[in-house]
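Trainee: Provided below: start36.txt, containing compact mmCIF, C-alpha atoms.
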# COMPACT_ATOMS: atom_id res chain seq x y z
CA MET I 619 -171.88 67.10 78.92
CA ARG I 620 -171.89 64.04 76.81
CA LYS I 621 -174.96 65.35 75.01
CA VAL I 622 -173.22 68.61 74.25
CA LEU I 623 -170.19 66.79 72.81
CA ILE I 624 -172.37 64.77 70.46
CA ILE I 625 -174.07 67.93 69.19
CA VAL I 626 -170.65 69.54 68.51
CA LEU I 627 -169.46 66.52 66.52
CA VAL I 628 -172.63 66.45 64.43
CA LEU I 629 -172.31 70.16 63.61
CA SER I 630 -168.62 69.68 62.56
CA LEU I 631 -169.56 66.84 60.24
CA ILE I 632 -172.31 68.91 58.59
CA PHE I 633 -169.88 71.85 58.04
CA SER I 634 -167.26 69.57 56.55
CA LEU I 635 -169.69 68.08 53.99
CA SER I 636 -170.90 71.53 53.02
CA SER I 637 -167.32 72.70 52.24
CA CYS I 638 -166.59 69.66 50.07
CA SER I 639 -169.76 70.25 48.07
CA LYS I 640 -168.71 73.86 47.29
CA THR I 641 -165.21 72.78 46.29
CA ALA I 642 -166.62 70.16 43.94
CA LYS I 643 -168.87 72.75 42.32
CA ALA I 644 -165.95 75.18 42.01
CA ASP I 645 -163.79 72.56 40.22
CA GLU I 646 -166.62 71.31 38.03
CA VAL I 647 -165.97 71.87 34.27
CA LEU I 648 -168.97 73.38 32.57
CA PRO I 649 -170.07 71.77 29.34
CA ALA I 650 -168.91 73.68 26.28
CA SER I 651 -171.44 75.69 24.32
CA SER I 652 -172.64 74.29 21.04
CA GLU I 653 -170.62 76.99 19.29
CA SER I 654 -167.37 76.00 20.94
CA LEU I 655 -167.89 72.36 20.08
CA GLN I 656 -167.92 73.08 16.36
CA PRO I 657 -164.59 72.63 14.58
CA LYS I 658 -162.86 75.93 14.04
CA GLN I 659 -163.43 77.22 10.53
CA THR I 660 -160.44 78.41 8.51
CA GLU I 661 -160.32 80.31 5.27
CA PRO I 662 -160.90 77.93 2.38
CA LEU I 663 -157.64 76.98 0.59
CA ILE I 664 -157.46 78.09 -3.04
CA PRO I 665 -155.72 75.37 -4.99
CA THR I 666 -152.41 76.72 -6.35
CA GLU I 667 -151.63 75.75 -9.92
CA PRO I 668 -148.03 74.88 -10.64
CA PRO I 669 -146.17 77.85 -12.12
CA ILE I 670 -146.30 77.95 -15.90
CA GLN I 671 -142.88 77.24 -17.30
CA GLU I 672 -142.01 79.74 -19.99
CA PRO I 673 -140.69 77.86 -23.00
CA ALA I 674 -136.97 78.30 -23.46
CA LYS I 675 -136.35 81.16 -25.82
CA VAL I 676 -135.19 79.77 -29.12
CA ILE I 677 -132.54 81.96 -30.68
CA GLU I 678 -132.92 81.58 -34.39
CA LYS I 679 -129.70 81.14 -36.28
CA SER I 680 -129.01 81.41 -39.95
CA ILE I 681 -125.90 80.62 -41.94
CA CYS I 682 -123.37 83.08 -43.35
CA PRO I 683 -123.07 82.35 -47.08
CA LEU I 684 -119.34 83.17 -47.00
CA THR I 685 -118.25 81.06 -44.01
CA GLY I 686 -120.97 78.50 -43.29
CA LEU I 687 -121.04 79.69 -39.67
CA PRO I 688 -124.20 80.65 -37.72
CA ILE I 689 -125.29 84.29 -37.74
CA ALA I 690 -128.42 86.19 -36.72
CA PRO I 691 -131.32 85.91 -39.20
CA GLU I 692 -131.35 89.66 -39.84
CA GLN I 693 -127.73 89.48 -41.03
CA VAL I 694 -128.23 86.92 -43.79
CA ASN I 695 -129.34 89.33 -46.47
CA LEU I 696 -126.75 92.01 -45.75
CA ARG I 697 -125.14 93.09 -48.99
CA PRO I 698 -121.41 92.32 -49.00
CA ILE I 699 -118.83 95.10 -49.03
CA ALA I 700 -115.74 94.53 -51.22
CA VAL I 701 -112.76 96.77 -50.41
CA MET I 702 -109.62 97.30 -52.49
CA ILE I 703 -106.69 97.17 -50.05
CA ASP I 704 -103.10 98.28 -50.54
CA ASN I 705 -100.28 95.77 -50.02
CA MET I 706 -97.16 97.82 -50.61
CA ALA I 707 -94.59 97.69 -47.82
CA SER I 708 -95.59 101.21 -46.73
CA ALA I 709 -99.17 100.00 -46.24
CA ARG I 710 -98.32 97.14 -43.88
CA PRO I 711 -99.60 96.05 -41.49
CA GLN I 712 -103.12 96.50 -42.79
CA SER I 713 -106.24 97.09 -40.74
CA GLY I 714 -109.30 94.88 -40.86
CA LEU I 715 -108.13 91.99 -43.05
CA ILE I 716 -108.55 89.80 -39.99
CA ASN I 717 -112.32 90.39 -40.00
CA ALA I 718 -113.03 89.75 -43.68
CA GLU I 719 -114.97 86.59 -44.40
CA LEU I 720 -113.15 86.21 -47.71
CA VAL I 721 -109.95 87.78 -49.06
CA TYR I 722 -108.54 87.64 -52.59
CA GLU I 723 -104.87 88.36 -53.21
CA MET I 724 -104.10 89.18 -56.83
CA PRO I 725 -101.10 90.65 -58.64
CA ALA I 726 -100.88 94.27 -59.64
CA GLU I 727 -98.27 96.06 -61.71
CA GLY I 728 -94.65 96.16 -60.60
CA GLY I 729 -94.61 92.74 -58.95
CA ILE I 730 -96.76 93.83 -56.01
CA THR I 731 -100.16 92.45 -55.03
CA ARG I 732 -103.39 93.95 -53.75
CA TYR I 733 -106.24 92.52 -51.74
CA LEU I 734 -109.97 92.48 -52.27
CA ALA I 735 -111.44 91.98 -48.80
CA ILE I 736 -115.10 91.00 -48.66
CA TYR I 737 -117.12 91.79 -45.54
CA HIS I 738 -120.57 90.35 -44.98
CA HIS I 739 -121.76 90.69 -41.36
CA GLN I 740 -118.60 91.50 -39.40
CA ASN I 741 -118.63 95.05 -38.08
CA THR I 742 -115.14 96.43 -38.72
CA ASP I 743 -114.19 99.91 -37.52
CA LYS I 744 -111.10 100.41 -39.67
CA ILE I 745 -110.33 98.85 -43.04
CA GLY I 746 -107.42 99.69 -45.26
CA PRO I 747 -105.39 101.35 -46.56
CA VAL I 748 -107.84 101.63 -49.47
CA ARG I 749 -106.35 101.77 -52.98
CA SER I 750 -107.40 102.01 -56.61
CA ALA I 751 -109.33 99.48 -58.67
CA ARG I 752 -108.25 97.07 -61.37
CA SER I 753 -110.64 95.30 -63.75
CA TYR I 754 -110.08 91.74 -62.54
CA PHE I 755 -110.81 92.76 -58.94
CA ILE I 756 -114.17 94.08 -60.15
CA ASP I 757 -114.85 90.66 -61.71
CA LYS I 758 -114.53 89.07 -58.25
CA ALA I 759 -116.70 91.67 -56.51
CA ILE I 760 -119.44 91.07 -59.10
CA GLU I 761 -119.64 87.41 -58.03
CA PHE I 762 -121.16 88.52 -54.71
CA ASN I 763 -123.06 91.56 -56.01
CA ALA I 764 -120.91 93.46 -53.52
CA ILE I 765 -120.72 97.22 -53.15
CA PHE I 766 -117.24 98.02 -54.50
CA ILE I 767 -115.07 100.33 -52.36
CA HIS I 768 -112.04 101.99 -53.96
CA ALA I 769 -110.05 105.18 -54.52
CA GLY I 770 -109.95 105.76 -58.24
CA GLY I 771 -108.69 103.09 -60.59
CA SER I 772 -107.12 102.28 -63.91
CA PRO I 773 -108.88 103.70 -66.99
CA ALA I 774 -110.13 100.21 -67.85
CA ALA I 775 -111.47 99.62 -64.32
CA LEU I 776 -113.32 102.93 -64.17
CA LYS I 777 -114.86 102.19 -67.57
CA ASP I 778 -115.91 98.71 -66.38
CA ILE I 779 -117.68 100.19 -63.35
CA GLN I 780 -119.81 102.21 -65.75
CA THR I 781 -120.45 99.63 -68.46
CA LEU I 782 -121.05 96.71 -66.06
CA LYS I 783 -123.21 98.93 -63.81
CA VAL I 784 -121.23 98.10 -60.70
CA ASP I 785 -122.39 99.87 -57.53
CA SER I 786 -119.28 101.51 -56.15
CA LEU I 787 -118.19 104.11 -53.62
CA ASN I 788 -115.16 105.99 -54.91
CA GLU I 789 -113.17 108.22 -52.55
CA LEU I 790 -112.13 110.40 -55.48
CA LYS I 791 -115.79 111.30 -55.96
CA GLY I 792 -116.06 112.64 -52.43
CA GLU I 793 -117.96 109.75 -50.87
CA ARG I 794 -118.35 110.16 -47.11
CA ASN I 795 -117.29 106.70 -45.95
CA PHE I 796 -113.55 107.47 -46.05
CA TRP I 797 -110.99 109.26 -43.90
CA ARG I 798 -107.22 109.71 -43.87
CA ALA I 799 -105.10 108.68 -40.91
CA ARG I 800 -102.28 110.91 -39.66
CA ASP I 801 -99.79 108.18 -38.81
CA ARG I 802 -99.01 107.38 -42.46
CA LYS I 803 -98.35 109.34 -45.60
CA ALA I 804 -100.67 109.39 -48.61
CA PRO I 805 -101.57 107.35 -50.54
CA HIS I 806 -101.12 104.66 -47.87
CA ASN I 807 -103.37 106.30 -45.25
CA LEU I 808 -106.91 106.08 -46.62
CA TYR I 809 -109.40 104.06 -44.57
CA THR I 810 -113.06 103.10 -44.43
CA SER I 811 -115.35 101.14 -42.09
CA THR I 812 -118.35 98.88 -42.48
CA LYS I 813 -120.49 101.25 -40.40
CA LEU I 814 -119.77 104.34 -42.50
CA THR I 815 -120.12 102.36 -45.70
CA ARG I 816 -123.51 100.94 -44.75
CA GLU I 817 -124.72 104.41 -43.77
CA VAL I 818 -123.85 105.71 -47.24
CA MET I 819 -125.37 102.60 -48.82
CA ASP I 820 -128.63 103.26 -46.95
CA THR I 821 -128.63 106.90 -48.05
CA LYS I 822 -128.11 105.89 -51.67
CA LYS I 823 -130.57 102.98 -51.37
CA LEU I 824 -127.89 100.43 -52.23
CA SER I 825 -128.39 98.11 -49.25
CA ASN I 826 -131.15 95.80 -50.40
CA GLU I 827 -129.63 94.30 -53.52
CA LYS I 828 -130.06 90.52 -53.51
CA TRP I 829 -127.16 88.12 -53.87
CA SER I 830 -126.24 84.52 -53.14
CA GLY I 831 -123.06 82.76 -52.15
CA ASN I 832 -121.38 80.11 -54.26
CA MET I 833 -119.56 78.11 -51.57
CA ASN I 834 -120.48 74.73 -50.04
CA PHE I 835 -119.52 74.01 -46.43
CA SER I 836 -119.14 70.70 -44.62
CA GLU I 837 -121.36 70.07 -41.60
CA ASP I 838 -118.54 68.21 -39.83
CA PHE I 839 -114.85 68.99 -39.99
CA LEU I 840 -113.59 67.93 -43.39
CA ASP I 841 -110.51 65.73 -43.59
CA LEU I 842 -109.45 65.90 -47.21
CA ASP I 843 -108.20 62.79 -48.94
CA GLY I 844 -105.16 64.64 -50.17
CA LYS I 845 -101.53 65.50 -49.70
CA ALA I 846 -100.32 66.57 -46.25
CA THR I 847 -99.60 70.30 -46.40
CA ILE I 848 -98.18 72.16 -43.43
CA GLY I 849 -97.14 75.20 -45.41
CA LEU I 850 -97.34 77.09 -48.67
CA VAL I 851 -95.13 79.79 -50.18
CA ILE I 852 -96.04 81.78 -53.30
CA ASP I 853 -93.15 83.76 -54.75
CA TYR I 854 -94.63 86.69 -56.67
CA LYS I 855 -91.08 87.90 -57.44
CA ASN I 856 -89.82 91.41 -56.66
CA ASN I 857 -88.82 90.21 -53.17
CA TYR I 858 -92.38 89.38 -52.18
CA LYS I 859 -93.39 85.94 -50.90
CA ALA I 860 -96.87 85.26 -49.53
CA GLY I 861 -97.12 82.17 -47.35
CA TYR I 862 -99.09 80.13 -44.85
CA GLU I 863 -98.04 78.03 -41.85
CA TYR I 864 -100.36 75.33 -40.51
CA ASP I 865 -101.23 75.03 -36.82
CA GLU I 866 -102.49 71.48 -36.24
CA LYS I 867 -104.01 72.26 -32.83
CA GLN I 868 -106.08 75.21 -34.06
CA LYS I 869 -106.57 73.79 -37.57
CA LEU I 870 -105.69 77.20 -38.99
CA TYR I 871 -103.23 78.45 -41.58
CA PHE I 872 -101.40 81.56 -40.37
CA ARG I 873 -100.43 84.02 -43.05
CA THR I 874 -96.85 85.13 -43.61
CA ILE I 875 -95.06 87.68 -45.78
CA ASN I 876 -91.43 86.85 -46.50
CA GLY I 877 -91.54 84.29 -43.69
CA VAL I 878 -92.91 86.63 -41.00
CA ARG I 879 -96.37 86.20 -39.50
CA VAL I 880 -98.84 88.89 -40.59
CA ARG I 881 -100.63 90.84 -37.85
CA ASP I 882 -103.60 93.17 -37.80
CA LYS I 883 -102.54 96.77 -37.20
CA GLU I 884 -105.39 97.51 -34.80
CA THR I 885 -105.44 94.38 -32.63
CA ASN I 886 -101.96 92.93 -33.23
CA ALA I 887 -103.66 89.55 -33.69
CA GLU I 888 -102.18 87.17 -36.24
CA VAL I 889 -104.05 86.83 -39.52
CA SER I 890 -105.19 83.28 -40.24
CA THR I 891 -107.60 81.31 -42.40
CA VAL I 892 -109.41 77.97 -42.38
CA ASN I 893 -109.53 77.53 -46.16
CA ILE I 894 -107.04 78.39 -48.92
CA ILE I 895 -107.84 78.25 -52.63
CA VAL I 896 -105.09 78.72 -55.20
CA GLU I 897 -106.32 79.83 -58.62
CA LYS I 898 -103.64 79.71 -61.31
CA VAL I 899 -103.99 82.21 -64.16
CA ASN I 900 -101.98 83.66 -67.01
CA ALA I 901 -100.94 87.31 -66.87
CA ARG I 902 -99.80 89.80 -69.48
CA ILE I 903 -98.83 93.47 -69.40
CA VAL I 904 -101.32 95.69 -71.24
CA ASP I 905 -99.98 99.25 -70.96
CA ASP I 906 -96.81 101.28 -70.57
CA VAL I 907 -97.11 101.52 -66.78
CA GLY I 908 -97.12 97.75 -66.41
CA ARG I 909 -100.79 97.13 -65.64
CA LEU I 910 -101.87 93.53 -66.05
CA GLU I 911 -104.62 91.55 -67.66
CA LEU I 912 -105.39 88.18 -66.07
CA SER I 913 -107.02 85.16 -67.70
CA ASN I 914 -109.59 84.90 -64.92
CA ILE I 915 -112.43 84.31 -67.39
CA GLY I 916 -112.31 80.76 -68.71
CA SER I 917 -110.84 77.81 -66.83
CA GLY I 918 -107.66 76.63 -65.18
CA ARG I 919 -106.08 74.56 -62.42
CA GLY I 920 -105.28 75.19 -58.79
CA TYR I 921 -105.30 73.80 -55.25
CA PHE I 922 -107.66 73.60 -52.33
CA ILE I 923 -106.03 73.43 -48.90
CA THR I 924 -107.71 72.92 -45.51
CA GLY I 925 -107.11 70.94 -42.33
CA GLY I 926 -103.50 70.20 -43.20
CA LYS I 927 -104.34 68.58 -46.56
CA LEU I 928 -104.24 69.64 -50.23
CA ILE I 929 -106.08 68.48 -53.33
CA GLU I 930 -105.78 69.61 -56.93
CA ILE I 931 -108.78 71.45 -58.33
CA GLU I 932 -110.12 73.07 -61.47
CA TRP I 933 -111.75 76.49 -61.66
CA LYS I 934 -114.17 77.78 -64.25
CA LYS I 935 -115.79 81.19 -64.85
CA ASP I 936 -117.92 81.51 -67.97
CA SER I 937 -118.29 85.30 -68.14
CA ARG I 938 -117.46 88.49 -66.28
CA LEU I 939 -120.90 88.44 -64.68
CA GLY I 940 -120.67 84.74 -63.81
CA LYS I 941 -119.40 83.04 -60.66
CA THR I 942 -116.20 81.07 -60.38
CA LYS I 943 -116.85 77.37 -59.84
CA TYR I 944 -114.23 75.26 -58.05
CA THR I 945 -114.31 71.48 -58.56
CA ASP I 946 -112.09 68.51 -57.84
CA LEU I 947 -110.53 66.69 -60.78
CA LYS I 948 -113.62 64.45 -61.02
CA GLY I 949 -115.87 67.45 -61.54
CA ASN I 950 -117.40 67.56 -58.05
CA VAL I 951 -117.87 71.01 -56.54
CA ILE I 952 -115.49 71.29 -53.60
CA THR I 953 -116.78 71.44 -50.03
CA LEU I 954 -115.01 73.77 -47.61
CA ASN I 955 -114.60 73.71 -43.87
CA LYS I 956 -116.65 76.26 -41.97
CA GLY I 957 -114.68 79.45 -41.56
CA ASN I 958 -112.99 82.19 -43.54
CA ILE I 959 -111.39 81.84 -46.95
CA TRP I 960 -108.29 83.25 -48.62
CA ILE I 961 -108.09 82.90 -52.40
CA GLN I 962 -104.67 83.30 -53.99
CA VAL I 963 -104.88 84.24 -57.66
CA VAL I 964 -101.42 83.27 -58.85
CA PRO I 965 -99.99 84.46 -62.20
CA ASP I 966 -97.91 82.19 -64.35
CA TYR I 967 -94.70 84.13 -63.58
CA ALA I 968 -94.96 83.25 -59.87
CA THR I 969 -93.75 80.00 -58.29
CA ILE I 970 -95.55 77.88 -55.70
CA GLU I 971 -93.81 75.81 -53.02
CA ILE I 972 -95.90 73.26 -51.13
CA LYS I 973 -94.52 72.11 -47.78
CA GLY I 974 -95.65 68.63 -46.76
Reformat the file's structure so that it appears as structure tokens.
Mentor:
Amino acid sequence: MRKVLIIVLVLSLIFSLSSCSKTAKADEVLPASSESLQPKQTEPLIPTEPPIQEPAKVIEKSICPLTGLPIAPEQVNLRPIAVMIDNMASARPQSGLINAELVYEMPAEGGITRYLAIYHHQNTDKIGPVRSARSYFIDKAIEFNAIFIHAGGSPAALKDIQTLKVDSLNELKGERNFWRARDRKAPHNLYTSTKLTREVMDTKKLSNEKWSGNMNFSEDFLDLDGKATIGLVIDYKNNYKAGYEYDEKQKLYFRTINGVRVRDKETNAEVSTVNIIVEKVNARIVDDVGRLELSNIGSGRGYFITGGKLIEIEWKKDSRLGKTKYTDLKGNVITLNKGNIWIQVVPDYATIEIKG
């Protein structure tokens, strides 16, 4: 019995060792294959170059010869357009004066005045009312080699257009850059536009005539060493007073007629200017309807007003085809502030009041 028990214990021990050996083999981790031991390959990285920065687009700017302000390069050589504009009471308020780079106001017969508005690059949809020409207005248009826009003219003016070879577009000759508005009666309802005018100029090959300005502009705002001037009134007689009121904050002179601010008919915006030049001339009646002749060829005195200040100046124009030169009393050509210009050609029968 004892012998049998020993045999049973021995067999149990052998079975137990056999089971442990199998378990050990089952839990044994097999060595990895040579392939699995290699580091995992990834796609090679292509070095990324930093994005190329496009250079900032430089917008080229050129300078308007009539204002000193920046304009697009393709606008610099645009030929100016000079428009005769009515200033009778029935023609007010006018359209488009607010967009002109330069405006002349000069006397006409009967104590009234007319404007010569000069447009360089401003696109203006309605300009007028357009009226007839006078010789001394032509003299000013010539200074800019401008295309002259008018509706007829005095006999002397029409002759000058021919003899001086002035390029003009005359409504009375059926030019296609004019139309008549229905809200006013003739002759105070004739209008033009820069777009229509330039289309006719292109058709007639009048667009590429060269010209040059005759104004100098200050790089920084110009503070004249002159007399403080917050206002100006020019009494042309016949119950007509042209004036200006200075706005210190905007550094602009706002235009008035008989004390009332002038507004543009199309936008209702007030008409203003940065620079005012007063050109004093002599005037005399030359025919039985009261037409005038002005002494605008030669020399004379006047004023330059900008930024709330006034200085005395001299003007000089050697010939009808020459340019008017404006100098201070020491002979230095005046420098203007950048912006538009109104030039008042004042006859000797008018009076000037300066408000300081």
Trainee: Taking only C-alpha atoms into account, which of I:Ala707, I:Ala804, I:Val964, I:Leu696 comes nearest Asp853 in chain I?
Mentor: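 For Asp853 in chain I, the nearest of the given residues is I:Val964.
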Trainee: Hey, can you check how far CA of Asn955 in chain I sits from CA of Gly844 in chain I?
Mentor: 14.5 Å
Trainee: Which of these residues is nearest to Ile760 in chain I, using all atoms listed in the file: I:Val748, I:Leu939, I:Val899, I:Leu684?
Mentor: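 Among the listed residues, I:Leu939 lies closest to Ile760 in chain I.
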Trainee: Which residues, written as a PyMOL selection string, have at least one atom at most 9 Å from Glu897 in chain I, with all atoms listed in the file counted and residues fewer than 5 positions away on the same chain left out?
Mentor: chain I and resi 914+918-922+931-933+961-965
Trainee: Any idea what the distance is between CA of Glu793 in chain I and CA of Arg752 in chain I?
Mentor: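 That distance, rounded to one decimal, is 19.1 Å.
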Trainee: Can you work out the spacing between CA of Arg749 in chain I and CA of Gly771 in chain I in Å, to one decimal?
Mentor: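 Going from CA of Arg749 in chain I over to CA of Gly771 in chain I covers 8.1 Å.
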Trainee: Counting all atoms listed in the file, what is within 10 Å of Thr874 in chain I, bar same-chain residues fewer than 4 positions away, as an MDAnalysis selection string?
Mentor: chainID I and resid 850:851 859:863 878:881 888:890
